[in-house]
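Below is one structure, written out as C-alpha cells; comments come after it.
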Amino acid sequence: MHRTPWFLHPIFVFIFSLLALGASLFLYIYWYISARSGLEQLIAGFNIAPDHALQSETWVVILVLSILVGIIMLGIFTIFVYNQKILQLFRLQHNFINNFTHELKTPVTSLKLFLETFRKHDLPAEDRQRYLQFMIRDVGRLSDTINRILSLARLESGSYQGHFVVSDLTEAVQQCCETNRSLLQGCDLLLPVAGAEKISCRLDRPLFDMLLVNLLTNAVKYNRSPQVRIAISLRRKRGRALLQVQDNGIGLEERELKRIFNKFYQVERSTDLPANGSGLGLNLVQNIARLHRGQVWAESPGSGKGTTFRLSLPLVTEP
C-alpha cells in the first residue's frame, strides 16, 4: 500500500501554512519598523517635518492587515478541521459499507444455499424442519439489520415522537427477556427479583426492548467464556432509576469506553470472535436513551474482564 510522505501529510501542510503566513506578517512588520527607523534618521538629517513624511495611518493599515491575516488563519484552521471530519466520516462509511454488506450477504448466501438444496433434493421431513429453522434464523438476522437502520434513521431525523407510558421497569425488563429468550440460549441470565420495590419510568416499550436486546446480544456476541453470564440489576440513585447490565465478556480498553457509542464504530476483535455487525447497535442504544431523557455509559476493568453498561432514566412519582 502506498504511503504518503510525511511532508505531504495534511497536519504538516496545515502547520507549515500557518507558520508561513505568520512569518510573512512578522517579516512585513519587521521590515516596516526597520525602514521607518532609517527614514526617521534621514528626515532628521534634512530637517523635514515628520508629519509630512511619516503618515500615522500606516499603523492602522498594519493593524487591519494583522486582523485580516488572523481571519485567514482562522479560515485555514476551519477548512482543515472540516476536511479532517470529512475524511473520518469517509473512513467510517467505508467500514460501514463493508460490514453492512457482510451482514446482508451472509444470510442471503445461506438462504440461497438452503433453497437450492430444497429444489435439487427430496429431503426427509426431519432435515426439512432443521433447514427451515436455519432459514428462519437468517431471515430474522436480515430483518434485525434492516430494522436497526430504519429505527436509527427515524430517531436521528427527529420525526419519531414515541408513545410513552408509565411502566414498572422491573416488569419491563422481565417481559423483554422472556420474549427474547431464544436469543439468550445457553446464557446464565440473572434478572431483577419480581415483586421487589416498584421503579416507575415513562417508557416507549418497543424502543426500550430494542435497547435492552442490543445490550444483551452484545454481551453474548462479544464473549469467549465457556459459560456466558449476564446480570441485570435495578436500583434508585439520586432520584433516578439505574439499570445495570453486567457481563463476563471480552471487556473494553479505557480508550474505547466512549467511542463504542459512535456511529459505525466497532471494537477491535480477535479472530476467535464472530464477524462484527453494522456498528449501529450501541449508537442506537444511545439515541433511544436520549429519547427517554436518559443517559447510557459503559465501564470495564479492562480487556478480558467483562463490561458493565449502565442506563440512567428519570423516575416517575406515582400518586
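Each chain of the C-alpha cells is named A, B, ... in the order shown, its residues numbered from 1; ligands are numbered from 1 in display order.
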
Identify, on the basis of only C-alpha atoms, every residue whose closest approach to segment 248-256 of chain A does not exceed 10 Å; exclude the query and any residue fewer than 3 positions from it along the same chain; express the result as a PyMOL selection string. chain A and resi 218-225+227-231+259-261+265-270+273+298-308

Can you tell me, as a PDB file with C-alpha atoms, in the first residue's frame, what residues are no more than 8 Å from segment 173-184 of chain A when counting only C-alpha atoms, ignoring any on the same chain fewer than 6 positions away?
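And here's result-v4.pdb as it stands now:
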ATOM      1  CA  LEU A 191     -32.814 -10.938  36.403  1.00  0.00           C
ATOM      2  CA  PRO A 192     -34.155  -8.473  38.994  1.00  0.00           C
ATOM      3  CA  ASP A 209     -36.997  -3.561  24.322  1.00  0.00           C
ATOM      4  CA  LEU A 212     -32.149  -3.906  26.131  1.00  0.00           C
ATOM      5  CA  VAL A 213     -31.941  -6.576  23.406  1.00  0.00           C
ATOM      6  CA  LEU A 216     -27.926  -8.433  25.804  1.00  0.00           C
ATOM      7  CA  THR A 217     -26.981  -9.671  22.334  1.00  0.00           C
ATOM      8  CA  VAL A 220     -23.465 -12.784  24.177  1.00  0.00           C
TER       9      VAL A 220
END

Interatomic distance, atom CA of Arg141 of chain A to atom CA of Gly186 of chain A (Å, one decimal):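 Answer for the atom CA of Arg141 of chain A to atom CA of Gly186 of chain A separation: 18.9 Å.
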
Restricting the calculation to only C-alpha atoms: of A:Leu65, A:Arg290, A:Arg202, A:Phe77, which residue gets closest to Ser17 of chain A? A:Phe77

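Closest approach to Asn147 of chain A among A:Val245, A:Ile67, A:Leu207, A:Ile11: A:Leu207, based on only C-alpha atoms.
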
Taking only C-alpha atoms into account, name the residue in A:Pro226, A:Gly294, A:Gly239, A:Pro314 that is nearest to Val166 of chain A. A:Pro314

Near Ile136 of chain A, within 12 Å and counting only C-alpha atoms, which residues show up once chain neighbours fewer than 6 positions away are dropped, as a PDB file with C-alpha atoms, in the first residue's frame?
ATOM      1  CA  PRO A 107     -27.708 -14.677   5.432  1.00  0.00           C
ATOM      2  CA  VAL A 108     -28.681 -14.167   1.764  1.00  0.00           C
ATOM      3  CA  SER A 110     -27.161 -19.078   3.336  1.00  0.00           C
ATOM      4  CA  LEU A 111     -30.794 -18.755   2.258  1.00  0.00           C
ATOM      5  CA  PHE A 114     -30.860 -23.892   1.512  1.00  0.00           C
ATOM      6  CA  GLN A 129     -37.543 -28.854   9.521  1.00  0.00           C
ATOM      7  CA  ARG A 130     -33.929 -28.311  10.520  1.00  0.00           C
ATOM      8  CA  LEU A 142     -31.773  -9.750   7.896  1.00  0.00           C
ATOM      9  CA  SER A 143     -34.869  -8.234   9.482  1.00  0.00           C
TER      10      SER A 143
END

Just how far from atom CA of Trp31 of chain A is atom CA of Ile71 of chain A, in Å to one decimal? 22.2 Å

Compile the contact shell of Met210 of chain A as an MDAnalysis selection string: residues with an atom at most 9 Å away, counting only C-alpha atoms, same-chain residues fewer than 5 positions apart removed. chainID A and resid 148 176 205 215 284:285 288

Limited to C-alpha atoms, could you put the picked residues into a file as a PDB file, in the first residue's frame?
ATOM      1  CA  ARG A 148     -31.751  -1.112  13.074  1.00  0.00           C
ATOM      2  CA  CYS A 176     -38.378  -8.288  27.383  1.00  0.00           C
ATOM      3  CA  ARG A 205     -41.850  -0.204  25.255  1.00  0.00           C
ATOM      4  CA  LEU A 215     -27.136  -4.763  25.168  1.00  0.00           C
ATOM      5  CA  LEU A 284     -28.994   3.135  18.532  1.00  0.00           C
ATOM      6  CA  VAL A 285     -28.921   2.393  22.278  1.00  0.00           C
ATOM      7  CA  ILE A 288     -33.034   5.576  22.480  1.00  0.00           C
TER       8      ILE A 288
END

So how many Å separate atom CA of Ile15 of chain A and atom CA of Tyr30 of chain A, to one decimal?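 That distance, rounded to one decimal, is 22.0 Å.
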
I need the residues in segment 167-199 of chain A that are strand (DSSP E) according to DSSP; give them as a list in words.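 Matching residues, listed in order: Ser167, Asp168, Asp188, Leu189 and Leu190 of chain A.
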
Written selection (C-alpha atoms) as a compact mmCIF listing (two decimals), in the first residue's frame:
# COMPACT_ATOMS: atom_id res chain seq x y z
CA SER A 167 -44.23 1.33 33.31
CA ASP A 168 -42.68 -0.73 36.06
CA ASP A 188 -26.79 -17.76 32.55
CA LEU A 189 -29.09 -14.76 32.96
CA LEU A 190 -29.71 -13.17 36.36
